[in-house]
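Chemist: Contents are compact mmCIF, C-alpha atoms; file name protein.txt:
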# COMPACT_ATOMS: atom_id res chain seq x y z
CA MET A 6 66.50 77.83 76.38
CA LEU A 7 69.32 80.34 76.59
CA ARG A 8 68.50 84.03 76.51
CA VAL A 9 71.28 86.63 76.27
CA ASP A 10 70.77 90.37 76.03
CA VAL A 11 73.85 92.17 77.33
CA THR A 12 76.20 95.08 76.87
CA LYS A 13 79.76 95.24 78.11
CA GLN A 14 82.48 97.82 77.68
CA LEU A 15 86.00 96.35 77.63
CA GLY A 16 88.44 99.20 77.15
CA GLU A 17 87.94 100.47 73.61
CA PHE A 18 85.84 97.48 72.65
CA SER A 19 82.10 97.48 73.18
CA LEU A 20 80.03 94.33 73.09
CA GLU A 21 76.31 94.50 72.53
CA ALA A 22 74.69 91.17 71.93
CA SER A 23 71.17 89.90 72.03
CA PHE A 24 69.96 86.46 71.01
CA GLU A 25 67.82 83.56 72.09
CA SER A 26 68.65 80.00 71.37
CA GLN A 27 66.52 76.88 71.50
CA GLY A 28 69.10 74.97 69.54
CA ARG A 29 70.92 71.97 70.88
CA VAL A 30 74.20 73.37 69.61
CA THR A 31 74.41 77.13 69.31
CA GLY A 32 77.37 78.10 67.16
CA LEU A 33 78.94 81.45 68.02
CA PHE A 34 80.68 82.40 64.83
CA GLY A 35 82.99 85.34 64.16
CA ALA A 36 86.54 86.44 63.46
CA SER A 37 88.99 86.72 66.34
CA GLY A 38 88.31 89.90 68.27
CA ALA A 39 84.58 89.79 67.51
CA GLY A 40 83.79 89.28 71.21
CA LYS A 41 82.98 85.56 71.18
CA THR A 42 85.06 84.67 74.22
CA SER A 43 83.84 87.69 76.21
CA LEU A 44 80.30 86.62 75.45
CA ILE A 45 80.66 83.04 76.68
CA ASN A 46 82.68 84.25 79.67
CA MET A 47 79.58 86.22 80.57
CA ILE A 48 77.38 83.16 80.12
CA ALA A 49 79.77 81.25 82.39
CA GLY A 50 79.68 84.06 84.96
CA LEU A 51 83.41 84.81 84.70
CA LEU A 52 82.64 88.27 83.34
CA ARG A 53 79.84 90.47 84.59
CA PRO A 54 77.74 92.36 82.01
CA ASP A 55 77.42 96.13 82.46
CA ARG A 56 73.76 95.99 81.48
CA GLY A 57 71.27 93.35 80.53
CA ILE A 58 70.07 89.86 81.24
CA ILE A 59 71.34 86.31 80.88
CA ALA A 60 68.84 83.54 81.54
CA LEU A 61 69.02 79.77 81.18
CA ASP A 62 65.73 77.88 81.09
CA GLU A 63 63.67 79.46 83.86
CA GLU A 64 66.61 80.81 85.86
CA THR A 65 67.97 84.35 85.65
CA LEU A 66 71.76 84.16 85.88
CA ASP A 67 72.47 87.86 85.39
CA ASP A 68 70.20 90.82 85.67
CA ALA A 69 72.33 93.93 85.99
CA SER A 70 69.45 96.29 86.80
CA ALA A 71 68.29 94.01 89.65
CA GLY A 72 71.85 93.39 90.86
CA VAL A 73 71.56 89.66 90.13
CA HIS A 74 74.81 87.83 89.38
CA VAL A 75 74.96 84.11 90.04
CA PRO A 76 78.66 83.23 90.58
CA PRO A 77 80.22 80.68 88.18
CA HIS A 78 80.30 77.85 90.73
CA ARG A 79 76.52 78.00 91.22
CA ARG A 80 75.60 78.09 87.51
CA ARG A 81 76.20 74.44 86.67
CA ILE A 82 77.52 75.49 83.30
CA GLY A 83 80.45 73.43 82.03
CA TYR A 84 83.24 75.20 80.19
CA VAL A 85 85.83 73.68 77.88
CA PHE A 86 88.57 76.24 77.39
CA GLN A 87 90.72 76.53 74.33
CA ASP A 88 93.78 75.76 76.46
CA ALA A 89 92.11 72.88 78.39
CA ARG A 90 93.20 74.23 81.81
CA LEU A 91 93.60 70.85 83.45
CA LEU A 92 94.79 71.09 87.03
CA PRO A 93 98.50 70.25 86.78
CA HIS A 94 98.87 68.88 90.31
CA LEU A 95 96.15 66.28 89.81
CA ASP A 96 96.23 63.21 87.58
CA VAL A 97 93.62 62.65 84.87
CA ARG A 98 91.35 60.60 87.12
CA GLN A 99 91.35 63.34 89.78
CA ASN A 100 90.75 66.00 87.14
CA LEU A 101 87.75 64.07 85.82
CA ASP A 102 86.46 63.61 89.35
CA TYR A 103 86.99 67.23 90.38
CA GLY A 104 83.56 68.61 89.48
CA ARG A 105 81.77 65.73 91.17
CA ARG A 106 83.76 66.27 94.37
CA MET A 107 83.21 70.03 94.41
CA ASN A 108 79.46 69.58 93.90
CA ARG A 109 79.38 66.80 96.50
CA LEU A 110 77.67 64.40 94.11
CA ALA A 111 77.71 60.68 94.79
CA ALA A 112 80.37 58.68 92.93
CA ASP A 113 79.01 57.32 89.66
CA PRO A 114 81.47 54.75 88.27
CA ALA A 115 79.12 53.80 85.43
CA GLN A 116 79.00 57.39 84.18
CA LEU A 117 82.78 57.69 84.52
CA THR A 118 83.25 54.55 82.43
CA ARG A 119 80.75 55.76 79.86
CA ILE A 120 82.45 59.13 79.43
CA THR A 121 85.98 57.72 79.40
CA ASP A 122 84.85 55.20 76.74
CA LEU A 123 83.09 57.89 74.73
CA LEU A 124 86.25 60.00 74.66
CA ASP A 125 88.77 57.12 74.65
CA ILE A 126 90.67 58.40 77.66
CA GLY A 127 90.41 55.31 79.87
CA HIS A 128 94.08 54.48 79.36
CA LEU A 129 95.19 57.95 80.50
CA LEU A 130 93.63 57.96 83.97
CA ASP A 131 96.84 57.71 85.96
CA ARG A 132 98.81 60.29 83.96
CA ARG A 133 99.49 63.89 84.85
CA PRO A 134 98.30 66.57 82.40
CA GLY A 135 101.93 67.49 81.70
CA LYS A 136 102.37 64.06 80.07
CA LEU A 137 99.43 64.34 77.66
CA SER A 138 99.34 65.43 74.02
CA GLY A 139 97.26 68.47 73.03
CA GLY A 140 94.43 66.32 71.70
CA GLU A 141 94.39 64.10 74.79
CA ARG A 142 94.33 67.14 77.04
CA GLN A 143 91.33 68.56 75.19
CA ARG A 144 89.46 65.24 75.44
CA VAL A 145 90.12 65.08 79.19
CA ALA A 146 88.90 68.68 79.55
CA LEU A 147 85.70 67.68 77.71
CA GLY A 148 85.23 64.68 79.97
CA ARG A 149 85.89 66.75 83.07
CA ALA A 150 83.25 69.31 82.09
CA LEU A 151 80.72 66.59 81.23
CA LEU A 152 81.22 64.73 84.50
CA SER A 153 80.35 67.85 86.50
CA LYS A 154 76.81 67.25 85.12
CA PRO A 155 76.27 70.69 83.58
CA ARG A 156 72.96 72.06 82.31
CA LEU A 157 74.80 73.72 79.45
CA LEU A 158 78.24 73.14 77.99
CA LEU A 159 80.35 76.02 76.68
CA LEU A 160 83.16 75.22 74.26
CA ASP A 161 85.58 77.99 73.35
CA GLU A 162 87.41 76.99 70.18
CA PRO A 163 88.15 73.56 71.63
CA LEU A 164 90.03 72.70 68.44
CA GLY A 165 91.74 76.06 68.15
CA SER A 166 95.07 75.06 69.66
CA LEU A 167 95.30 71.83 67.63
CA ASP A 168 96.79 71.14 64.23
CA GLU A 169 94.67 69.72 61.38
CA GLY A 170 95.35 66.09 62.21
CA ARG A 171 94.37 66.59 65.83
CA LYS A 172 91.21 68.41 64.83
CA GLU A 173 90.14 65.40 62.81
CA GLU A 174 90.85 63.35 65.90
CA ILE A 175 88.52 65.36 68.19
CA LEU A 176 85.68 66.28 65.85
CA PRO A 177 83.98 62.87 65.91
CA TYR A 178 83.86 63.02 69.71
CA LEU A 179 82.14 66.39 69.55
CA VAL A 180 79.56 64.99 67.14
CA ARG A 181 78.95 62.13 69.58
CA LEU A 182 78.52 64.66 72.37
CA ARG A 183 75.99 66.62 70.38
CA ASP A 184 74.00 63.45 69.92
CA GLU A 185 74.10 62.90 73.70
CA GLY A 186 71.67 65.81 73.97
CA ILE A 187 73.47 68.21 76.31
CA PRO A 188 72.84 71.76 75.09
CA MET A 189 76.04 73.42 73.95
CA VAL A 190 77.33 76.81 72.96
CA TYR A 191 80.19 76.27 70.55
CA VAL A 192 82.55 79.13 69.74
CA SER A 193 84.52 79.00 66.52
CA HIS A 194 85.90 81.11 63.70
CA ASP A 195 85.82 78.06 61.43
CA ALA A 196 82.63 77.86 59.36
CA ALA A 197 83.30 74.27 58.29
CA GLU A 198 83.53 73.14 61.88
CA LEU A 199 80.23 74.79 62.76
CA ARG A 200 78.49 73.36 59.71
CA GLN A 201 79.28 69.91 61.05
CA LEU A 202 78.20 70.60 64.62
CA ALA A 203 75.85 73.51 65.10
CA THR A 204 72.06 73.49 64.87
CA GLN A 205 71.77 77.26 65.20
CA ILE A 206 74.19 80.08 64.42
CA VAL A 207 74.81 83.43 66.10
CA MET A 208 77.14 85.49 63.95
CA LEU A 209 79.21 88.15 65.70
CA LYS A 210 81.11 91.00 64.12
CA ARG A 211 83.00 93.62 66.11
CA GLY A 212 80.87 93.13 69.18
CA ARG A 213 77.49 93.09 67.40
CA VAL A 214 75.20 90.23 66.34
CA THR A 215 74.98 90.47 62.55
CA ALA A 216 73.02 87.33 61.75
CA LEU A 217 70.93 84.69 63.48
CA GLY A 218 69.51 81.46 62.19
CA GLY A 219 70.29 77.98 60.93
CA VAL A 220 73.65 76.89 59.53
CA LYS A 221 72.55 78.42 56.22
CA VAL A 222 73.61 81.87 57.49
CA LEU A 223 77.22 80.70 57.31
CA THR A 224 77.22 80.83 53.53
CA MET B 185 136.22 71.19 122.10
CA PHE B 186 132.93 69.68 120.98
CA GLU B 187 131.43 68.81 124.37
CA ILE B 188 128.13 70.66 124.46
CA SER B 189 127.34 71.63 128.05
CA PRO B 190 123.86 71.30 129.57
CA ALA B 191 123.52 75.10 129.62
CA GLU B 192 124.30 75.23 125.90
CA TRP B 193 121.82 72.44 125.21
CA THR B 194 119.18 74.41 127.08
CA ALA B 195 119.80 77.42 124.85
CA ILE B 196 119.76 75.29 121.66
CA LEU B 197 116.53 73.50 122.58
CA LEU B 198 114.91 76.74 123.65
CA SER B 199 115.88 78.36 120.36
CA LEU B 200 114.40 75.45 118.44
CA ARG B 201 111.19 75.54 120.47
CA VAL B 202 110.83 79.32 120.11
CA ALA B 203 111.51 79.25 116.36
CA ILE B 204 109.23 76.25 115.66
CA ILE B 205 106.31 77.69 117.66
CA ALA B 206 106.83 81.13 116.12
CA THR B 207 106.83 79.67 112.59
CA LEU B 208 103.84 77.37 113.12
CA VAL B 209 101.70 80.10 114.67
CA ALA B 210 102.74 82.72 112.10
CA THR B 211 102.15 80.51 109.03
CA PRO B 212 98.31 80.64 108.87
CA PHE B 213 98.43 84.42 109.31
CA GLY B 214 101.19 84.58 106.71
CA ILE B 215 99.15 82.57 104.18
CA ALA B 216 96.05 84.72 104.75
CA LEU B 217 98.03 87.92 104.37
CA ALA B 218 99.98 86.68 101.35
CA TRP B 219 96.71 85.74 99.67
CA LEU B 220 95.23 89.18 100.40
CA LEU B 221 98.29 90.93 99.01
CA ALA B 222 98.49 88.66 95.97
CA ARG B 223 94.85 88.41 95.00
CA ARG B 224 92.84 91.32 96.35
CA GLU B 225 92.73 95.04 95.70
CA PHE B 226 91.59 97.10 98.66
CA TRP B 227 92.01 100.47 100.23
CA GLY B 228 95.21 100.73 102.29
CA LYS B 229 96.88 97.76 100.62
CA SER B 230 100.22 99.53 100.18
CA VAL B 231 100.14 100.63 103.83
CA LEU B 232 99.50 97.05 104.94
CA ASP B 233 102.32 95.86 102.71
CA ALA B 234 104.65 98.42 104.28
CA VAL B 235 103.64 97.47 107.84
CA VAL B 236 104.36 93.79 107.10
CA HIS B 237 107.85 94.72 105.92
CA LEU B 238 108.49 97.13 108.78
CA PRO B 239 110.33 94.63 111.03
CA LEU B 240 112.78 94.08 108.17
CA VAL B 241 113.87 97.74 108.07
CA LEU B 242 113.31 98.98 111.63
CA PRO B 243 116.20 98.58 114.06
CA PRO B 244 115.33 95.36 115.93
CA VAL B 245 115.72 97.18 119.23
CA VAL B 246 112.88 99.48 118.18
CA THR B 247 110.61 96.54 117.36
CA GLY B 248 111.53 94.96 120.71
CA TYR B 249 110.79 98.15 122.58
CA LEU B 250 107.44 98.56 120.81
CA LEU B 251 106.61 94.96 121.74
CA LEU B 252 107.51 95.75 125.34
CA LEU B 253 105.22 98.78 125.31
CA THR B 254 102.35 96.81 123.76
CA PHE B 255 102.72 93.30 125.13
CA GLY B 256 104.56 94.03 128.41
CA ARG B 257 102.77 93.55 131.73
CA ARG B 258 101.66 97.17 131.69
CA GLY B 259 101.17 97.28 127.93
CA LEU B 260 97.66 97.73 126.58
CA VAL B 261 97.43 94.33 124.92
CA GLY B 262 99.76 92.57 127.39
CA ALA B 263 97.74 93.55 130.46
CA TRP B 264 94.47 92.55 128.80
CA LEU B 265 95.84 89.18 127.66
CA ALA B 266 97.28 88.46 131.12
CA ASP B 267 94.00 89.29 132.87
CA ASN B 268 91.56 87.72 130.44
CA VAL B 269 93.34 84.93 128.59
CA GLY B 270 96.15 84.13 131.01
CA ILE B 271 98.89 84.48 128.41
CA VAL B 272 101.93 86.39 129.62
CA PHE B 273 104.61 87.40 127.12
CA ALA B 274 106.90 89.61 129.21
CA PHE B 275 110.14 87.82 130.18
CA ARG B 276 108.76 84.43 129.12
CA TRP B 277 109.74 82.14 126.26
CA THR B 278 106.34 82.89 124.75
CA GLY B 279 107.47 86.50 124.43
CA ALA B 280 110.60 85.33 122.64
CA ALA B 281 108.38 83.37 120.24
CA LEU B 282 106.23 86.46 119.65
CA ALA B 283 109.28 88.63 118.95
CA CYS B 284 110.75 86.00 116.61
CA GLY B 285 107.42 85.51 114.86
CA ILE B 286 107.06 89.21 114.16
CA MET B 287 110.68 89.68 113.09
CA SER B 288 110.54 86.72 110.70
CA PHE B 289 107.06 87.53 109.35
CA PRO B 290 108.19 89.51 106.25
CA LEU B 291 110.48 86.66 105.23
CA LEU B 292 107.69 84.15 105.76
CA VAL B 293 105.10 86.11 103.76
CA ARG B 294 107.22 86.98 100.74
CA PRO B 295 107.78 83.55 99.16
CA ILE B 296 104.16 82.59 99.88
CA ARG B 297 102.93 85.73 98.18
CA LEU B 298 105.16 85.17 95.15
CA SER B 299 104.03 81.58 94.79
CA ILE B 300 100.36 82.53 95.06
CA GLU B 301 100.92 85.21 92.42
CA ALA B 302 102.48 82.56 90.20
CA VAL B 303 99.39 80.35 90.34
CA ASP B 304 97.56 80.68 87.01
CA ARG B 305 94.27 82.42 87.67
CA ARG B 306 92.78 80.75 84.63
CA LEU B 307 93.07 77.45 86.52
CA GLU B 308 91.17 79.00 89.42
CA GLN B 309 88.47 80.13 86.97
CA ALA B 310 88.27 76.64 85.48
CA ALA B 311 87.79 75.20 88.98
CA GLY B 312 84.98 77.72 89.54
CA THR B 313 83.13 76.61 86.41
CA LEU B 314 83.36 73.03 87.69
CA GLY B 315 81.42 74.03 90.80
CA ALA B 316 84.16 74.93 93.27
CA ALA B 317 83.23 77.79 95.62
CA PRO B 318 85.99 80.37 96.21
CA TRP B 319 87.20 78.73 99.43
CA GLN B 320 87.25 75.34 97.66
CA VAL B 321 89.27 76.87 94.83
CA PHE B 322 91.74 78.16 97.42
CA ALA B 323 91.96 74.81 99.23
CA THR B 324 92.14 72.55 96.16
CA VAL B 325 93.94 74.67 93.55
CA THR B 326 95.69 77.78 94.89
CA LEU B 327 97.15 76.35 98.09
CA PRO B 328 98.37 73.01 96.68
CA LEU B 329 100.03 74.78 93.74
CA ALA B 330 101.59 77.34 96.10
CA LEU B 331 102.58 74.74 98.70
CA PRO B 332 106.29 74.60 97.84
CA GLY B 333 106.37 78.38 98.28
CA VAL B 334 104.59 78.05 101.62
CA LEU B 335 107.20 75.54 102.78
CA ALA B 336 110.02 77.75 101.50
CA GLY B 337 108.55 80.69 103.43
CA MET B 338 108.30 78.58 106.56
CA VAL B 339 111.91 77.48 106.26
CA LEU B 340 113.15 81.04 105.73
CA GLY B 341 110.99 82.34 108.57
CA PHE B 342 112.28 79.59 110.82
CA ALA B 343 115.89 80.42 109.97
CA LYS B 344 115.29 84.08 110.72
CA ALA B 345 113.44 83.24 113.94
CA ILE B 346 116.19 81.02 115.26
CA GLY B 347 118.79 83.73 114.73
CA GLU B 348 116.71 86.63 116.05
CA PHE B 349 118.51 88.65 118.70
CA GLY B 350 117.81 92.38 118.99
CA ALA B 351 114.03 92.42 119.39
CA THR B 352 114.04 89.33 121.59
CA ILE B 353 116.63 90.55 124.09
CA THR B 354 114.97 93.97 124.26
CA PHE B 355 111.52 92.50 124.84
CA VAL B 356 112.14 89.48 127.07
CA SER B 357 115.77 89.99 128.21
CA ASN B 358 118.31 87.17 128.45
CA ILE B 359 117.22 84.73 131.16
CA PRO B 360 118.95 81.31 130.99
CA GLY B 361 116.38 78.54 130.66
CA GLU B 362 113.51 80.91 129.92
CA THR B 363 114.44 83.44 127.23
CA GLN B 364 118.13 82.78 126.54
CA THR B 365 118.28 81.58 122.92
CA ILE B 366 121.43 80.59 121.01
CA SER B 367 121.97 84.21 119.97
CA SER B 368 121.65 85.71 123.43
CA ALA B 369 123.75 82.87 124.88
CA ILE B 370 126.53 83.70 122.40
CA TYR B 371 126.17 87.36 123.34
CA SER B 372 126.62 86.49 127.05
CA LEU B 373 129.49 84.10 126.39
CA ILE B 374 131.61 86.53 124.42
CA GLN B 375 131.34 88.97 127.27
CA THR B 376 132.58 86.34 129.72
CA PRO B 377 136.31 85.53 130.12
CA ASP B 378 137.01 82.01 128.76
CA GLY B 379 133.64 81.95 127.01
CA ASP B 380 135.26 81.76 123.56
CA ALA B 381 135.16 77.98 123.15
CA ALA B 382 131.51 77.71 124.12
CA ALA B 383 130.62 80.69 121.96
CA GLY B 384 132.47 79.05 119.06
CA ARG B 385 130.42 75.87 119.42
CA LEU B 386 127.14 77.79 119.39
CA VAL B 387 128.30 79.85 116.42
CA LEU B 388 129.05 76.65 114.53
CA ILE B 389 125.65 75.21 115.41
CA SER B 390 123.82 78.31 114.24
CA ILE B 391 125.77 78.24 110.95
CA VAL B 392 124.72 74.61 110.45
CA ILE B 393 121.06 75.39 111.17
CA ALA B 394 121.03 78.43 108.87
CA MET B 395 122.74 76.54 106.02
CA GLY B 396 120.33 73.65 106.40
CA ALA B 397 117.38 76.04 106.22
CA LEU B 398 118.70 77.78 103.09
CA ILE B 399 119.37 74.50 101.30
CA ALA B 400 115.91 73.22 102.21
CA SER B 401 114.36 76.46 100.99
CA GLU B 402 116.21 76.21 97.67
CA TRP B 403 114.98 72.64 97.25
CA PHE B 404 111.37 73.65 97.85
CA ALA B 405 111.69 76.50 95.36
CA ARG B 406 112.87 74.07 92.69
CA ARG B 407 109.97 71.73 93.41
CA ALA B 408 107.60 74.67 93.10
CA THR B 409 108.73 75.36 89.54
CA LYS B 410 108.44 71.71 88.59
CA ARG B 411 104.98 71.42 90.07
CA LEU B 412 103.66 74.48 88.26
CA HIS B 413 104.81 73.01 84.99
CA GLY B 414 102.79 69.90 85.62
CA ASN B 415 105.40 67.17 85.86
What is this file in C-alpha cells?

Modeler:
Amino acid sequence: MLRVDVTKQLGEFSLEASFESQGRVTGLFGASGAGKTSLINMIAGLLRPDRGIIALDEETLDDASAGVHVPPHRRRIGYVFQDARLLPHLDVRQNLDYGRRMNRLAADPAQLTRITDLLDIGHLLDRRPGKLSGGERQRVALGRALLSKPRLLLLDEPLGSLDEGRKEEILPYLVRLRDEGIPMVYVSHDAAELRQLATQIVMLKRGRVTALGGVKVLT
Amino acid sequence: MFEISPAEWTAILLSLRVAIIATLVATPFGIALAWLLARREFWGKSVLDAVVHLPLVLPPVVTGYLLLLTFGRRGLVGAWLADNVGIVFAFRWTGAALACGIMSFPLLVRPIRLSIEAVDRRLEQAAGTLGAAPWQVFATVTLPLALPGVLAGMVLGFAKAIGEFGATITFVSNIPGETQTISSAIYSLIQTPDGDAAAGRLVLISIVIAMGALIASEWFARRATKRLHGN
C-alpha cells in the first residue's frame, strides 16, 4: 500500500496532495503543470516534501516532522523517466545490469532472459543507447528498472516522448507488466492510456487532488 | 647541433619526473576539488575558487617565496614534515614537484570541473533510483562521463608543470641533477658564453613537449563531446 500526504512549495506553485492506493496500477492523471512529476519525484525520494508523510507498505519513506527522509538509493523504487535516461557510456546489457550491480544482487540470467523476452530487447544487448530508437530506449529503461527488483515502479509519461505509432508499440508491454503484478504508479495526461492500464485513479489539478477512485472518474 | 649532452639529458629526465609526479599526485586532489566546485554549494566557495586560481595570477616568484616560507626547512609545515614524516622539500626535486603541482593546479582543475558540470544530473538521479549510493554514482556515472575532461586536465597540468620556472627556481633553486629542470637549465645556458646551441636544443624540446600536450588535450576534449552524446 502506498500512502502519500504531502505539501511542497515550488516557487509560485504549491502542491498539496493526499491519497492512499491499494491498486496495482495507480494512475496519476492531470494536465501538464498539475504537479504529477513533482509528486512522483517525492515518492522516488528525488524531491523532499516540506511537510507530510510518504509510506510504502509498512515503511515510512518520508516524515518531515520526524526528519525522516530515506534517500532514493535505499527506497528500492524503480523509476522509468519520460526521457529514458539510459547511461550513455554503457551498452544495453550493462544498463540492464546496472541496478543489480549497485544493489550487489547475485546474477540472475533466467530473470534477465525473461525480461528481455518480455520487452523484446534481446537483440539490442550489445548496442549503445545512442544507437537506439525512442521506443527501444523506453523499453530498455523499463527493463532496467524492473531488473533492479523494485517494490514499486514509477512511470512518468513513459509514452510521452513517442509518436502515435511508437505508443502502440509500447502499450502492450505495459499491459504485460501490469499483469506481472508489480505495483505501479503511472503518470499520464492521456485518459485513454490510463483507461487501458490503471486500476485506480488519482486526479490532480493545479497541485490539488480533485478526484480519487476507479477508472470511472476519468469520464 | 642535435647531440644532446648528458647534462641536458639529466635536465630533461628530471623535468619529466617532476612534471609526471606533480600531475599524478595533484590529480586526485584536483578531481575532489573540481567535484566540490561543480556540484556543491557551501559557505566560502567563491573564496576557495579564488585560492585555487591564485597561482595563475600571482607572480610565480611570490608563489615560490610563499612555498619557501611554508615548506622550507624552517617553514611551519616544512619543519614538521621533515621531523615527523621525513619528507624534505627544500632544495630537493620533491620541492620542484610541489612547486610545479601548485602552479599547474588551476589548469588541472578547470577542465575537470567543466566536464563534471557537463554531466547530466538527471543521469545521476536515474542511477540513484536504481540503487546506487552517492559514491557509486560518482564512480560509475560522473567520473566515467567526465573522464576525457580529467585526462585533458592532466595533460594541460603536465604541460604547465614541465615548463614551470619562476616558483620552482625561487623555492628550490637551480641545482644540476637535483632541481635543474629544462627551464632552469635554459636560463643558466643563456647566461653562459657559448650556451646558445645547447639552449636552442632544450628550447626545441620544450616546444615539442608543449605541442604534444596541447594536441593530446584537444583530442581528449573531442572524445569527451562524443562520449556525452552516447556514440

Chemist: For CA of Lys210 in chain A and CA of Gly139 in chain A, determine how far apart the two atoms are, in Å to one decimal place.

Modeler: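 Between CA of Lys210 in chain A and CA of Gly139 in chain A the gap works out to 29.1 Å.
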
Chemist: Measure the distance from CA of Leu329 in chain B to CA of Thr121 in chain A in Å and round it to one decimal.

Modeler: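 Between CA of Leu329 in chain B and CA of Thr121 in chain A the gap is 26.3 Å.
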
Chemist: Please produce, as a Markdown table, a per-residue contact table for chain B versus chain A (criterion: any atom at most 10 Å away, all atoms listed in the file considered), showing the nearest atom pair and its distance in Å to one decimal, sorted by chain then residue number.

Modeler:
| residue | atom | partner | partner_atom | distance |
| --- | --- | --- | --- | --- |
| B:Asp304 | CA | A:Arg90 | CA | 9.4 |
| B:Arg306 | CA | A:Arg90 | CA | 7.1 |
| B:Leu307 | CA | A:Arg90 | CA | 5.7 |
| B:Glu308 | CA | A:Leu92 | CA | 9.0 |
| B:Gln309 | CA | A:Leu51 | CA | 7.3 |
| B:Ala310 | CA | A:Arg90 | CA | 6.6 |
| B:Ala311 | CA | A:Gly104 | CA | 7.8 |
| B:Gly312 | CA | A:His78 | CA | 4.8 |
| B:Thr313 | CA | A:Pro77 | CA | 5.3 |
| B:Leu314 | CA | A:Gly104 | CA | 4.8 |
| B:Gly315 | CA | A:His78 | CA | 4.0 |
| B:Ala316 | CA | A:Met107 | CA | 5.1 |
| B:Ala317 | CA | A:His78 | CA | 5.7 |
| B:Pro318 | CA | A:His78 | CA | 8.3 |
| B:Gln320 | CA | A:Met107 | CA | 7.4 |
| B:Val321 | CA | A:Met107 | CA | 9.1 |
| B:Thr324 | CA | A:Tyr103 | CA | 9.4 |
| B:Val325 | CA | A:Leu92 | CA | 7.5 |
| B:Pro328 | CA | A:His94 | CA | 7.6 |
| B:Leu329 | CA | A:His94 | CA | 6.9 |
| B:Arg411 | CA | A:His94 | CA | 6.6 |
| B:Leu412 | CA | A:Pro93 | CA | 6.8 |
| B:His413 | CA | A:Gly135 | CA | 7.0 |
| B:Gly414 | CA | A:Pro93 | CA | 4.5 |
| B:Asn415 | CA | A:Gly135 | CA | 5.4 |

Chemist: Taking (124.2, 76.2, 125.2) in the coordinates of the supplied file, I want to know which residues reach to within 12 Å of it, counting all atoms listed in the file; could you give the answer as a compact mmCIF listing (two decimals) with C-alpha atoms, in the frame of the given file?

Modeler:
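File result_18.txt, as written:
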# COMPACT_ATOMS: atom_id res chain seq x y z
CA PHE B 186 132.93 69.68 120.98
CA GLU B 187 131.43 68.81 124.37
CA ILE B 188 128.13 70.66 124.46
CA SER B 189 127.34 71.63 128.05
CA PRO B 190 123.86 71.30 129.57
CA ALA B 191 123.52 75.10 129.62
CA GLU B 192 124.30 75.23 125.90
CA TRP B 193 121.82 72.44 125.21
CA THR B 194 119.18 74.41 127.08
CA ALA B 195 119.80 77.42 124.85
CA ILE B 196 119.76 75.29 121.66
CA LEU B 197 116.53 73.50 122.58
CA LEU B 198 114.91 76.74 123.65
CA SER B 199 115.88 78.36 120.36
CA LEU B 200 114.40 75.45 118.44
CA PRO B 360 118.95 81.31 130.99
CA GLY B 361 116.38 78.54 130.66
CA GLN B 364 118.13 82.78 126.54
CA THR B 365 118.28 81.58 122.92
CA ILE B 366 121.43 80.59 121.01
CA SER B 367 121.97 84.21 119.97
CA SER B 368 121.65 85.71 123.43
CA ALA B 369 123.75 82.87 124.88
CA ILE B 370 126.53 83.70 122.40
CA TYR B 371 126.17 87.36 123.34
CA SER B 372 126.62 86.49 127.05
CA LEU B 373 129.49 84.10 126.39
CA GLY B 379 133.64 81.95 127.01
CA ALA B 381 135.16 77.98 123.15
CA ALA B 382 131.51 77.71 124.12
CA ALA B 383 130.62 80.69 121.96
CA GLY B 384 132.47 79.05 119.06
CA ARG B 385 130.42 75.87 119.42
CA LEU B 386 127.14 77.79 119.39
CA VAL B 387 128.30 79.85 116.42
CA LEU B 388 129.05 76.65 114.53
CA ILE B 389 125.65 75.21 115.41
CA SER B 390 123.82 78.31 114.24

Chemist: Please provide the set of residues having any atom within 12 Å of Thr215 in chain A, restricted to all atoms listed in the file, with same-chain residues fewer than 4 positions apart removed, written as a ChimeraX atom specification.

Modeler: /A:21-24,33-35,39,206-211,222-223

Chemist: Write a file of the just-selected residues containing C-alpha atoms, as a short mmCIF file (atom, residue, chain, number, x, y, z; two decimals), keeping the file's coordinate frame.

Modeler:
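As written to disk, again.cif reads:
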data_model
loop_
_atom_site.label_atom_id
_atom_site.label_comp_id
_atom_site.auth_asym_id
_atom_site.auth_seq_id
_atom_site.Cartn_x
_atom_site.Cartn_y
_atom_site.Cartn_z
CA GLU A 21 76.31 94.50 72.53
CA ALA A 22 74.69 91.17 71.93
CA SER A 23 71.17 89.90 72.03
CA PHE A 24 69.96 86.46 71.01
CA LEU A 33 78.94 81.45 68.02
CA PHE A 34 80.68 82.40 64.83
CA GLY A 35 82.99 85.34 64.16
CA ALA A 39 84.58 89.79 67.51
CA ILE A 206 74.19 80.08 64.42
CA VAL A 207 74.81 83.43 66.10
CA MET A 208 77.14 85.49 63.95
CA LEU A 209 79.21 88.15 65.70
CA LYS A 210 81.11 91.00 64.12
CA ARG A 211 83.00 93.62 66.11
CA VAL A 222 73.61 81.87 57.49
CA LEU A 223 77.22 80.70 57.31
#

Chemist: If we count only C-alpha atoms and set the cut-off at 6 Å, which residues sit around Thr363 in chain B, ignoring sequence neighbours fewer than 2 positions away in its own chain? Please answer as a list in words.

Modeler: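 Close residues of Thr363 in chain B: Trp277, Asn358 and Ile359 of chain B.
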
Chemist: When distances are computed from all atoms listed in the file, which of B:Thr278, B:Thr211, B:Ser288, B:Ser299 shows the smallest separation from Leu340 in chain B?

Modeler: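 Selected residue with least distance to Leu340 in chain B: B:Ser288.
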
Chemist: Rounded to one decimal, what separation in Å do you get between CA of Phe18 in chain A and CA of Gly40 in chain A?

Modeler: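 For CA of Phe18 in chain A relative to CA of Gly40 in chain A, the distance reads 8.6 Å.
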
Chemist: Have a look at A:Arg56, A:Arg183, A:Arg213, A:His128 and name the one nearest to Leu157 in chain A; count only C-alpha atoms.

Modeler: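 Distance minimum relative to Leu157 in chain A lands on A:Arg183.
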
Chemist: Skipping near chain neighbours, those fewer than 3 positions away, what residues fall within 10 Å of Thr42 in chain A using only C-alpha atoms, listed as a ChimeraX atom specification?

Modeler: /A:33,37-39,45-48,86-87,160-162,192-193

Chemist: Write out as lines of an AutoDock Vina configuration file an axis-aligned box for range 51-58 of chain A: all of its atoms listed in the file, 8 Å added on each side, centre and edge lengths in Å with one decimal.

Modeler:
center_x = 76.7
center_y = 90.5
center_z = 82.6
size_x = 29.3
size_y = 27.3
size_z = 20.2

Chemist: Counting only C-alpha atoms, figure out which residue out of B:Ile271, B:Leu291, B:Val241, B:Leu298 gets nearest to Val339 in chain B.

Modeler: B:Leu291
